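A.B. asks: This is work-v1.txt (compact mmCIF, C-alpha atoms).
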# COMPACT_ATOMS: atom_id res chain seq x y z
CA MET M 1 149.09 82.44 -4.95
CA HIS M 2 149.88 83.70 -1.47
CA GLU M 3 152.45 81.62 0.37
CA LEU M 4 153.47 82.13 3.98
CA ALA M 5 156.90 80.87 4.91
CA HIS M 6 157.24 78.85 8.12
CA GLU M 7 159.88 78.32 10.75
CA PHE M 8 160.06 76.42 14.06
CA THR M 9 160.66 77.87 17.49
CA SER M 10 161.84 76.21 20.67
CA ARG M 11 159.88 78.66 22.80
CA LYS M 12 157.37 76.77 24.94
CA ILE M 13 154.01 78.22 23.93
CA SER M 14 150.59 77.09 25.17
CA PRO M 15 147.17 77.65 23.60
CA TRP M 16 145.62 77.46 27.10
CA GLY M 17 147.05 80.44 28.98
CA GLY M 18 143.60 81.32 30.30
CA ILE M 19 143.61 78.14 32.41
CA LYS M 20 145.29 80.41 34.95
CA PHE M 21 141.79 81.72 35.74
CA PHE M 22 140.63 78.18 36.54
CA HIS M 23 143.75 77.62 38.63
CA GLY M 24 143.25 80.84 40.58
CA THR M 25 139.60 80.05 41.31
CA TYR M 26 140.47 76.47 42.26
CA VAL M 27 143.14 77.55 44.75
CA ARG M 28 141.16 80.42 46.28
CA SER M 29 138.02 78.31 46.59
CA GLY M 30 139.87 76.10 49.04
CA PHE M 31 139.55 72.95 46.93
CA ARG M 32 143.34 72.42 46.75
CA GLU M 33 143.65 72.53 50.52
CA MET M 34 140.66 70.20 50.88
CA LEU M 35 142.19 67.67 48.49
CA GLN M 36 145.53 67.84 50.29
CA LYS M 37 143.73 66.76 53.46
CA SER M 38 141.75 64.02 51.71
CA PRO M 39 142.71 60.32 51.81
CA LEU M 40 143.73 60.29 48.15
CA PRO M 41 145.46 57.07 46.99
CA SER M 42 149.22 57.33 47.37
CA PRO M 43 151.71 56.50 44.59
CA GLY M 44 153.39 53.11 44.63
CA SER M 45 156.89 54.57 44.85
CA ASN M 46 158.76 57.71 45.90
CA ARG M 47 159.11 58.59 42.22
CA GLY M 48 155.36 58.52 41.66
CA TYR M 49 153.11 61.49 40.99
CA ASN M 50 151.75 63.58 43.83
CA PRO M 51 148.06 62.49 44.05
CA VAL M 52 146.88 66.11 44.31
CA ASP M 53 148.82 66.89 41.12
CA LEU M 54 147.01 63.99 39.44
CA VAL M 55 143.60 65.27 40.51
CA GLU M 56 144.49 68.78 39.34
CA GLY M 57 145.68 67.41 36.00
CA PHE M 58 142.42 65.54 35.56
CA LEU M 59 140.29 68.59 36.53
CA CYS M 60 142.28 70.74 34.14
CA SER M 61 141.90 68.30 31.25
CA VAL M 62 138.13 68.05 31.88
CA VAL M 63 137.75 71.83 31.64
CA LEU M 64 139.77 71.84 28.43
CA GLY M 65 137.50 69.27 26.84
CA SER M 66 138.81 65.78 27.64
CA LYS M 67 136.22 63.01 27.36
CA ARG M 68 138.60 60.07 27.78
CA LEU M 69 141.81 59.47 29.68
CA THR M 70 143.67 59.36 26.36
CA HIS M 71 142.72 62.99 25.80
CA THR M 72 144.83 64.07 28.79
CA GLY M 73 147.83 63.57 26.53
CA MET M 74 147.15 66.95 24.91
CA LEU M 75 148.79 68.57 27.95
CA ARG M 76 151.75 66.19 28.33
CA THR M 77 154.13 68.64 26.64
CA ASP M 78 152.47 71.87 27.82
CA GLU M 79 155.13 73.46 30.00
CA VAL M 80 153.02 76.60 30.53
CA VAL M 81 150.13 74.72 32.15
CA LYS M 82 152.67 72.75 34.20
CA GLU M 83 154.15 76.00 35.48
CA ILE M 84 150.76 77.58 36.22
CA PHE M 85 149.83 74.67 38.50
CA GLY M 86 153.34 74.09 39.84
CA TRP M 87 153.35 70.37 39.01
CA SER M 88 156.72 68.83 39.75
CA LYS M 89 156.36 66.12 37.07
CA GLY M 90 153.96 67.78 34.65
CA MET M 91 150.81 66.15 33.26
CA ALA M 92 150.58 62.40 33.79
CA ASP M 93 149.94 59.97 30.96
CA GLN M 94 146.91 57.77 30.45
CA SER M 95 148.36 54.74 32.23
CA THR M 96 149.27 56.78 35.33
CA PHE M 97 145.74 58.19 35.55
CA SER M 98 144.31 54.72 35.02
CA ARG M 99 146.38 53.28 37.89
CA PHE M 100 145.39 56.20 40.12
CA PHE M 101 141.66 55.77 39.51
CA LYS M 102 141.86 51.99 39.96
CA LYS M 103 142.93 52.61 43.55
CA HIS M 104 139.54 54.19 44.26
CA SER M 105 136.84 51.99 45.72
CA ILE M 106 133.24 52.96 46.47
CA ASP M 107 134.16 53.17 50.17
CA LEU M 108 137.13 55.44 49.44
CA ASN M 109 134.98 57.63 47.21
CA ASP M 110 132.52 57.99 50.09
CA ARG M 111 135.38 59.13 52.33
CA ILE M 112 136.77 61.67 49.87
CA PHE M 113 133.93 63.45 48.13
CA PRO M 114 131.32 64.14 50.84
CA GLU M 115 134.00 65.66 53.05
CA VAL M 116 135.32 67.86 50.23
CA MET M 117 131.80 69.03 49.35
CA ARG M 118 130.95 69.53 53.02
CA ASN M 119 133.92 71.86 53.53
CA PHE M 120 133.17 73.71 50.31
CA TYR M 121 129.53 74.37 51.22
CA LYS M 122 130.55 75.53 54.69
CA ASN M 123 132.13 78.47 52.85
CA ILE M 124 128.90 79.27 50.98
CA GLU M 125 126.78 81.97 52.61
CA LEU M 126 123.24 81.45 51.34
CA ASP M 127 120.13 81.70 53.50
CA ARG M 128 118.21 78.70 52.22
CA MET M 129 119.06 76.37 49.37
CA THR M 130 116.73 74.77 46.86
CA ILE M 131 117.90 71.22 46.16
CA ASP M 132 116.87 69.32 43.04
CA ILE M 133 117.35 65.56 42.88
CA ASP M 134 117.52 63.99 39.45
CA SER M 135 118.89 60.94 37.65
CA THR M 136 120.12 60.23 34.15
CA VAL M 137 121.18 57.33 31.95
CA ILE M 138 124.71 56.86 30.61
CA THR M 139 124.91 54.26 27.84
CA ARG M 140 127.98 52.01 27.89
CA TYR M 141 129.59 50.19 24.97
CA GLY M 142 132.40 48.29 26.67
CA GLU M 143 132.70 45.81 29.53
CA GLN M 144 132.38 48.21 32.44
CA GLU M 145 131.56 46.79 35.85
CA ASN M 146 127.88 47.12 36.88
CA ALA M 147 126.85 48.30 33.42
CA LYS M 148 123.53 46.50 33.05
CA VAL M 149 120.42 46.55 30.92
CA GLY M 150 117.79 48.78 32.47
CA TYR M 151 115.74 51.87 31.69
CA ASN M 152 117.38 53.44 28.64
CA PRO M 153 114.91 55.36 26.43
CA GLN M 154 117.52 56.40 23.86
CA LYS M 155 119.31 53.06 23.41
CA ARG M 156 116.82 50.36 24.32
CA GLY M 157 118.45 47.12 25.36
CA ARG M 158 121.92 48.66 25.72
CA ARG M 159 123.88 48.28 28.93
CA SER M 160 124.15 51.48 30.96
CA HIS M 161 124.75 53.16 34.30
CA HIS M 162 122.09 55.23 36.06
CA PRO M 163 123.68 57.98 38.21
CA ILE M 164 121.79 60.12 40.71
CA LEU M 165 122.68 63.79 41.26
CA ALA M 166 121.71 66.65 43.58
CA PHE M 167 122.00 70.31 42.54
CA CYS M 168 121.68 73.58 44.42
CA ASP M 169 119.45 75.65 42.14
CA GLU M 170 120.55 79.09 43.39
CA LEU M 171 124.23 78.30 42.76
CA ALA M 172 123.77 76.02 39.73
CA MET M 173 126.26 73.70 41.45
CA VAL M 174 126.42 70.01 42.27
CA VAL M 175 125.95 69.04 45.92
CA ASN M 176 126.26 65.28 45.61
CA ALA M 177 126.52 62.64 42.89
CA TRP M 178 126.65 58.85 42.83
CA MET M 179 127.20 56.44 40.00
CA ARG M 180 124.72 53.52 40.12
CA THR M 181 124.19 50.23 38.33
CA GLY M 182 122.32 50.27 35.04
CA ASP M 183 119.35 48.33 36.38
CA SER M 184 118.71 50.94 39.08
CA VAL M 185 115.47 52.90 39.05
CA SER M 186 115.23 56.50 40.24
CA THR M 187 114.48 55.49 43.84
CA THR M 188 117.29 52.91 44.11
CA ASP M 189 119.49 53.92 47.08
CA ALA M 190 117.77 57.33 47.04
CA THR M 191 117.23 57.51 50.81
CA GLN M 192 120.91 56.66 51.45
CA PHE M 193 121.90 59.29 48.90
CA ILE M 194 119.73 61.83 50.73
CA ASP M 195 121.37 60.87 54.04
CA GLU M 196 124.76 61.69 52.56
CA LEU M 197 123.34 64.90 51.10
CA PHE M 198 122.19 65.95 54.58
CA SER M 199 125.72 65.30 55.87
CA ILE M 200 126.97 67.82 53.29
CA ILE M 201 124.24 70.44 53.75
CA PRO M 202 122.36 70.30 57.07
CA THR M 203 118.59 70.30 56.80
CA GLU M 204 118.31 73.71 58.46
CA ARG M 205 120.06 75.18 55.40
CA ILE M 206 117.62 73.61 52.93
CA GLY M 207 114.55 75.64 52.01
CA LEU M 208 113.02 73.22 49.50
CA MET M 209 113.68 69.91 47.77
CA ARG M 210 112.14 69.01 44.41
CA PHE M 211 111.72 65.60 42.77
CA ASP M 212 110.17 64.32 39.56
CA ALA M 213 107.71 61.42 39.44
CA GLY M 214 110.51 58.85 39.36
CA PHE M 215 111.17 59.64 43.02
CA TYR M 216 107.51 59.46 44.06
CA SER M 217 108.00 57.24 47.10
CA GLN M 218 106.63 56.92 50.62
CA ASN M 219 110.16 56.20 51.87
CA ILE M 220 111.52 59.46 50.48
CA MET M 221 108.65 61.54 51.87
CA GLU M 222 109.04 59.94 55.29
CA LYS M 223 112.78 60.57 55.18
CA LEU M 224 112.21 64.29 54.59
CA GLU M 225 109.40 64.61 57.13
CA SER M 226 111.20 62.73 59.90
CA GLN M 227 114.21 65.03 60.12
CA THR M 228 114.75 67.10 63.27
CA ASN M 229 114.22 70.05 60.94
CA PRO M 230 111.57 68.65 58.56
CA VAL M 231 112.41 69.43 54.95
CA HIS M 232 109.92 71.13 52.66
CA TYR M 233 109.43 69.22 49.42
CA ILE M 234 107.48 69.07 46.17
CA ILE M 235 107.26 65.68 44.45
CA ARG M 236 105.41 65.13 41.23
CA ALA M 237 102.97 62.26 41.76
CA LYS M 238 102.52 59.30 39.48
CA MET M 239 99.05 59.12 38.01
CA THR M 240 97.91 56.01 39.84
CA SER M 241 94.27 54.94 39.94
CA GLY M 242 94.02 56.33 43.48
CA ILE M 243 95.36 59.73 42.37
CA VAL M 244 92.95 59.82 39.42
CA GLU M 245 90.00 58.94 41.64
CA THR M 246 90.93 61.71 44.09
CA ILE M 247 91.26 64.23 41.26
CA GLN M 248 87.79 63.36 40.01
CA GLN M 249 86.40 64.22 43.43
CA ILE M 250 87.78 67.79 43.38
CA LYS M 251 84.89 70.23 42.84
CA ASP M 252 86.56 73.59 43.44
CA TRP M 253 88.93 74.72 40.70
CA TYR M 254 90.33 78.20 40.27
CA ALA M 255 91.99 79.69 37.21
CA ASN M 256 95.41 81.35 37.24
CA ASP M 257 97.53 82.14 34.18
CA ASP M 258 100.71 83.13 36.05
CA VAL M 259 102.49 79.83 35.35
CA SER M 260 100.61 78.30 32.42
CA GLU M 261 97.95 79.79 30.17
CA LYS M 262 94.43 78.51 30.94
CA ALA M 263 95.69 76.57 33.97
CA GLN M 264 93.19 75.61 36.67
CA TYR M 265 94.13 74.50 40.17
CA GLY M 266 92.62 72.27 42.80
CA VAL M 267 93.73 71.06 46.22
CA ALA M 268 93.00 67.72 47.91
CA TYR M 269 94.40 65.51 50.66
CA TYR M 270 95.44 62.11 49.44
CA LYS M 271 96.23 58.96 51.43
CA ALA M 272 97.70 56.09 49.41
CA SER M 273 97.70 52.50 50.54
CA GLY M 274 100.40 52.06 53.18
CA TRP M 275 100.59 55.73 54.11
CA ASN M 276 100.15 56.56 57.78
CA SER M 277 98.34 59.80 57.02
CA ALA M 278 97.02 61.90 54.15
CA ARG M 279 99.27 64.40 52.41
CA LYS M 280 98.49 67.64 50.62
CA MET M 281 98.09 67.25 46.86
CA ILE M 282 98.15 70.14 44.41
CA VAL M 283 96.56 69.46 41.02
CA VAL M 284 96.92 71.56 37.88
CA ARG M 285 94.82 70.93 34.81
CA ILE M 286 95.03 72.53 31.38
CA PRO M 287 92.39 72.06 28.66
CA LYS M 288 93.47 69.74 25.87
CA SER M 289 93.86 71.41 22.49
CA GLN M 290 91.84 68.62 20.86
CA GLN M 291 88.82 67.08 22.52
CA SER M 292 87.87 63.47 21.88
CA ASP M 293 84.37 62.74 20.62
CA THR M 294 84.51 59.12 21.77
CA PRO M 295 81.66 58.44 24.22
CA VAL M 296 82.61 57.21 27.69
CA LEU M 297 80.67 55.11 30.15
CA PHE M 298 80.97 57.41 33.16
CA GLU M 299 80.29 61.14 33.14
CA GLU M 300 83.16 61.92 35.52
CA MET M 301 85.62 60.28 33.10
CA ALA M 302 84.30 62.46 30.28
CA GLU M 303 85.12 65.55 32.35
CA TYR M 304 88.52 64.14 33.32
CA GLY M 305 89.39 63.46 29.69
CA LYS M 306 89.01 67.12 28.69
CA TYR M 307 92.23 68.13 30.50
CA GLU M 308 95.92 67.37 30.87
CA TYR M 309 96.66 66.85 34.57
CA LYS M 310 99.68 67.11 36.82
CA ALA M 311 99.64 66.34 40.52
CA PHE M 312 102.18 67.24 43.20
CA ILE M 313 102.52 65.96 46.76
CA THR M 314 103.91 68.64 49.03
CA ASN M 315 104.19 69.93 52.59
CA VAL M 316 104.70 73.53 51.42
CA GLU M 317 102.08 76.03 52.59
CA PHE M 318 101.86 78.16 49.46
CA SER M 319 99.06 78.60 46.94
CA ALA M 320 98.69 75.92 44.29
CA SER M 321 99.87 78.20 41.46
CA VAL M 322 102.99 79.24 43.42
CA ILE M 323 103.84 75.59 44.12
CA HIS M 324 103.37 74.81 40.42
CA GLY M 325 105.72 77.66 39.51
CA LEU M 326 108.32 76.53 42.06
CA TYR M 327 108.27 73.00 40.70
CA ASN M 328 108.69 74.13 37.09
CA LYS M 329 112.06 75.70 37.97
CA ARG M 330 113.27 72.17 38.58
CA ALA M 331 113.85 71.95 34.82
CA ASN M 332 117.17 73.72 35.45
CA ALA M 333 118.51 70.43 36.83
CA GLU M 334 117.89 68.72 33.49
CA ASN M 335 119.81 71.48 31.70
CA ARG M 336 122.75 71.02 34.08
CA ILE M 337 122.84 67.31 33.40
CA LYS M 338 122.97 68.08 29.66
CA GLU M 339 125.87 70.46 30.28
CA LEU M 340 127.69 67.81 32.32
CA LYS M 341 127.24 65.37 29.44
CA TYR M 342 128.12 67.64 26.53
CA ASP M 343 130.72 69.99 28.03
CA TYR M 344 132.21 67.99 30.92
CA GLY M 345 132.17 64.50 29.47
CA ILE M 346 130.45 62.51 32.23
CA GLU M 347 129.47 59.93 29.59
CA GLY M 348 133.16 59.35 28.96
CA PHE M 349 135.90 58.13 31.30
CA ALA M 350 134.31 54.67 31.08
CA LEU M 351 136.86 52.83 33.20
CA THR M 352 136.43 49.10 33.71
CA GLU M 353 136.25 49.08 37.52
CA PHE M 354 133.13 50.62 39.03
CA GLY M 355 134.94 52.43 41.87
CA ALA M 356 137.42 53.95 39.42
CA MET M 357 134.67 55.11 37.08
CA GLU M 358 132.65 56.61 39.92
CA ALA M 359 135.75 58.45 41.16
CA ALA M 360 136.28 60.05 37.73
CA PHE M 361 132.57 60.90 37.62
CA ARG M 362 132.72 62.61 41.02
CA TYR M 363 135.97 64.46 40.28
CA VAL M 364 134.21 65.94 37.22
CA MET M 365 131.67 67.41 39.66
CA LEU M 366 134.49 69.27 41.41
CA ALA M 367 135.63 70.74 38.09
CA TYR M 368 132.04 71.76 37.34
CA ASN M 369 131.63 73.55 40.69
CA ILE M 370 134.93 75.38 40.32
CA MET M 371 133.85 76.68 36.91
CA GLN M 372 130.45 77.70 38.31
CA LEU M 373 132.21 79.68 41.03
CA PHE M 374 134.40 81.28 38.36
CA LYS M 375 131.37 82.26 36.28
CA ILE M 376 129.46 83.81 39.15
CA LYS M 377 132.19 85.40 41.26
CA VAL M 378 134.93 86.19 38.73
CA MET M 379 133.24 86.65 35.37
CA LEU M 380 130.15 88.11 37.10
CA THR M 381 128.09 86.54 34.35
CA GLN M 382 124.97 84.45 34.09
CA LYS M 383 124.99 80.96 35.61
CA GLY M 384 123.84 79.54 32.28
CA THR M 385 126.97 80.51 30.30
CA MET M 386 128.30 77.32 28.70
CA LEU M 387 131.83 76.04 29.24
CA SER M 388 132.44 76.10 25.48
CA THR M 389 131.71 79.84 25.47
CA ILE M 390 134.03 80.46 28.41
CA LYS M 391 136.85 78.57 26.71
CA PHE M 392 136.45 80.72 23.61
CA GLN M 393 136.27 83.96 25.61
CA CYS M 394 139.04 83.59 28.14
CA ILE M 395 140.74 80.17 28.33
CA ALA M 396 141.98 79.59 24.77
CA ILE M 397 144.67 82.28 24.93
CA GLY M 398 148.13 81.87 23.47
CA SER M 399 150.78 82.25 26.17
CA TYR M 400 154.35 81.60 27.21
CA VAL M 401 156.47 82.06 30.32
CA VAL M 402 159.49 84.36 30.65
CA SER M 403 161.99 85.01 33.45
CA ASN M 404 162.58 88.41 34.97
CA GLY M 405 165.32 87.95 37.52
CA ARG M 406 164.02 85.33 39.95
CA LYS M 407 160.44 86.00 38.93
CA ARG M 408 158.54 83.95 36.35
CA ILE M 409 155.90 85.81 34.33
CA LEU M 410 153.07 84.45 32.21
CA LYS M 411 152.72 86.38 28.96
CA LEU M 412 149.20 86.27 27.49
CA ALA M 413 148.46 87.15 23.85
CA ALA M 414 145.78 89.81 24.28
CA HIS M 415 145.39 93.41 23.27
CA GLY M 416 142.95 96.29 23.33
CA LYS M 417 139.53 95.56 24.82
CA GLN M 418 140.35 91.89 25.33
CA ARG M 419 143.27 92.83 27.58
CA HIS M 420 141.00 94.98 29.78
CA PHE M 421 138.40 92.21 29.76
CA LEU M 422 140.90 89.64 31.08
CA GLN M 423 142.57 91.98 33.57
CA HIS M 424 139.16 92.44 35.18
CA PHE M 425 139.10 88.68 35.89
CA PHE M 426 142.56 88.73 37.45
CA SER M 427 141.44 91.58 39.71
CA ASN M 428 138.35 89.61 40.80
CA ILE M 429 140.39 86.48 41.52
CA GLU M 430 142.81 88.44 43.70
CA VAL M 431 139.97 89.40 46.08
CA LEU M 432 138.20 86.03 45.84
CA LYS M 433 138.21 84.27 49.18
CA PRO M 434 135.77 82.34 51.36
CA PRO M 435 133.19 82.69 52.70
CA PHE M 436 131.37 83.29 49.42
CA GLN M 437 128.18 85.27 49.64
CA PHE M 438 125.24 84.47 47.39
CA SER M 439 121.72 85.81 47.17
CA ASN M 440 118.46 83.86 46.96
CA ALA M 441 117.05 86.55 44.65
Output the structure of this file as structure tokens.
C.D. replies:
Amino acid sequence: MHELAHEFTSRKISPWGGIKFFHGTYVRSGFREMLQKSPLPSPGSNRGYNPVDLVEGFLCSVVLGSKRLTHTGMLRTDEVVKEIFGWSKGMADQSTFSRFFKKHSIDLNDRIFPEVMRNFYKNIELDRMTIDIDSTVITRYGEQENAKVGYNPQKRGRRSHHPILAFCDELAMVVNAWMRTGDSVSTTDATQFIDELFSIIPTERIGLMRFDAGFYSQNIMEKLESQTNPVHYIIRAKMTSGIVETIQQIKDWYANDDVSEKAQYGVAYYKASGWNSARKMIVVRIPKSQQSDTPVLFEEMAEYGKYEYKAFITNVEFSASVIHGLYNKRANAENRIKELKYDYGIEGFALTEFGAMEAAFRYVMLAYNIMQLFKIKVMLTQKGTMLSTIKFQCIAIGSYVVSNGRKRILKLAAHGKQRHFLQHFFSNIEVLKPPFQFSNA
């Protein structure tokens, strides 16, 4: 039987030496400077933690896999991470984080996060952005404020929250995010959310906005159309009786397989009750794989029943098949929400007070954007690379700190090809600085 003897060492070793890449991207992105200028809640005494250090500790723990405030304790004794970030007091404990987040109200959150995002996106050079608005459900199991019974397809009857998020598709980054009560529907506070979005990214920088059927609303369409620079949009329509009747009146259909096999397209102008004017409607229909033999009373309904239909309201002057293809790319937003849930823990951090919970939720978005910037500009990899993969490749690296005269040096356990792989990242971080150029291609 093979036995390996063991001994203890007092050398301060960290399994997370690669967090230096996150730190470098965070600092060079300008987020640290933005947070230093933000109205973050101050400590209650002179011996308290620097609020920026607290935010950095939280961002760091999120990237390393924390899903609850108790998980931040994994870094309490990590002197290497403390030295990388330059924290005077190290990583805070759960109670310190809890007190810090409790000082956040909804009003304070609205003062901190839009301004931080606004300054970040000012440093993004991108001709026109495609913005996707989406919502999700976060099931709650405790006594969190504003957790209410509402739409929850996975856990029917359970209390939940219903956040709304906006993503920039070209960057795979979050632009804005609000936590909302569990009884909210998709359109609840949506126009106010869009107003804040436009304060972050001016309308002249937005090329297109996309919404699913949950946001099918006259108020939202009027909001987009009434801007000084009207915003182009595609909204999937709900199949109301008026929509169905208009579809049945379409006589000219043309086939195009570019987006979906056997797809046929039609165009109509639809005016719902309460609308001031008709809007362009793109309809796509695809033959059903199984046809029903049940007789119907009206011939037009028999024809309608042969196809699966989707309808989109839009002010975009492209062909119907191109508009269909543009809308389908909106599915990326759903994948990003899944990543935020599974890798970044937005379903966790279920603090009791609503303002505190929303603050944690919105700080997670900062961590997400920093990692997206790292992926694209430092790793030079695909936007879809998961955080779990990045941690395996270049964050979970054994490390320790040594002194060389007055200089402190981080020693990373890497050799051969891995050493060259990581040195490439350090070289990219050294030249990383705003403004950041991105392509629409």
A.B. asks: Of the residues M:Ser277, M:Asn119, M:Asn229, M:Thr352, which is the one nearest to Ser29 of chain M, using all atoms listed in the file?
C.D. replies: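 Once distances to Ser29 of chain M are computed over all atoms listed in the file, the minimum belongs to M:Asn119.
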A.B. asks: If we count all atoms listed in the file and set the cut-off at 12 Å, which residues sit around Gly86 of chain M, ignoring sequence neighbours fewer than 5 positions away in its own chain? Please answer as a PyMOL selection string.
C.D. replies: chain M and resi 20+23+27+50+52-54+56-57+79-81+91+408
A.B. asks: Find the residues around Gly157 of chain M up to 12 Å (only C-alpha atoms counted), leave out those fewer than 2 positions away in its own chain, and share them as a compact mmCIF listing (two decimals) with C-alpha atoms, in the frame of the given file.
C.D. replies:
# COMPACT_ATOMS: atom_id res chain seq x y z
CA THR M 139 124.91 54.26 27.84
CA ARG M 140 127.98 52.01 27.89
CA TYR M 141 129.59 50.19 24.97
CA ALA M 147 126.85 48.30 33.42
CA LYS M 148 123.53 46.50 33.05
CA VAL M 149 120.42 46.55 30.92
CA GLY M 150 117.79 48.78 32.47
CA TYR M 151 115.74 51.87 31.69
CA ASN M 152 117.38 53.44 28.64
CA PRO M 153 114.91 55.36 26.43
CA GLN M 154 117.52 56.40 23.86
CA LYS M 155 119.31 53.06 23.41
CA ARG M 159 123.88 48.28 28.93
CA SER M 160 124.15 51.48 30.96
CA GLY M 182 122.32 50.27 35.04
CA ASP M 183 119.35 48.33 36.38
A.B. asks: Of the candidates M:Arg419, M:Lys103, M:His424, M:Arg362, which one gets nearest to Val174 of chain M if we count only C-alpha atoms?
C.D. replies: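 Among M:Arg419, M:Lys103, M:His424, M:Arg362, it is M:Arg362 that comes nearest to Val174 of chain M.
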A.B. asks: Compile the contact shell of segment 32-41 of chain M as a PyMOL selection string: residues with an atom at most 12 Å away, counting only C-alpha atoms, same-chain residues fewer than 3 positions apart removed.
C.D. replies: chain M and resi 23-29+44-45+48-56+59+85+97+99-105+107-121+356+359+363+366-367+370
A.B. asks: Between atom CA of Ile106 of chain M and atom CA of Ile220 of chain M, what is the distance, to one decimal in Å?
C.D. replies: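 Computed distance, atom CA of Ile106 of chain M to atom CA of Ile220 of chain M, equals 23.0 Å.
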A.B. asks: How many Å separate atom CA of Leu387 of chain M from atom CA of Asp343 of chain M?
C.D. replies: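 The value is 6.3 Å.
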A.B. asks: Mind listing as a VMD selection string all residues within 9 Å of (109.6, 59.7, 41.5), counting only C-alpha atoms?
C.D. replies: chain M and resid 186 to 187 211 to 217 235 to 238
A.B. asks: In Å to one decimal, how far is atom CA of Ile234 of chain M from atom CA of Val267 of chain M?
C.D. replies: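 We find that atom CA of Val267 of chain M and atom CA of Ile234 of chain M lie 13.9 Å from each other.
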A.B. asks: Restricting the calculation to all atoms listed in the file: of M:Lys288, M:Lys251, M:Lys12, M:Lys433, which residue gets closest to Glu83 of chain M?
C.D. replies: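 Among M:Lys288, M:Lys251, M:Lys12, M:Lys433, it is M:Lys12 that comes nearest to Glu83 of chain M.
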A.B. asks: Nearest to Phe392 of chain M: which of M:Leu197, M:Leu69, M:Leu64, M:Val137 is it, counting all atoms listed in the file?
C.D. replies: M:Leu64
A.B. asks: Need the shell around Glu334 of chain M: protein/DNA/RNA residues with any atom at most 12 Å away, counting only C-alpha atoms. Skip same-chain ones fewer than 5 positions apart. Format as a ChimeraX atom specification?
C.D. replies: /M:132-137,164-167,169,172,211-212,328-329,339-341
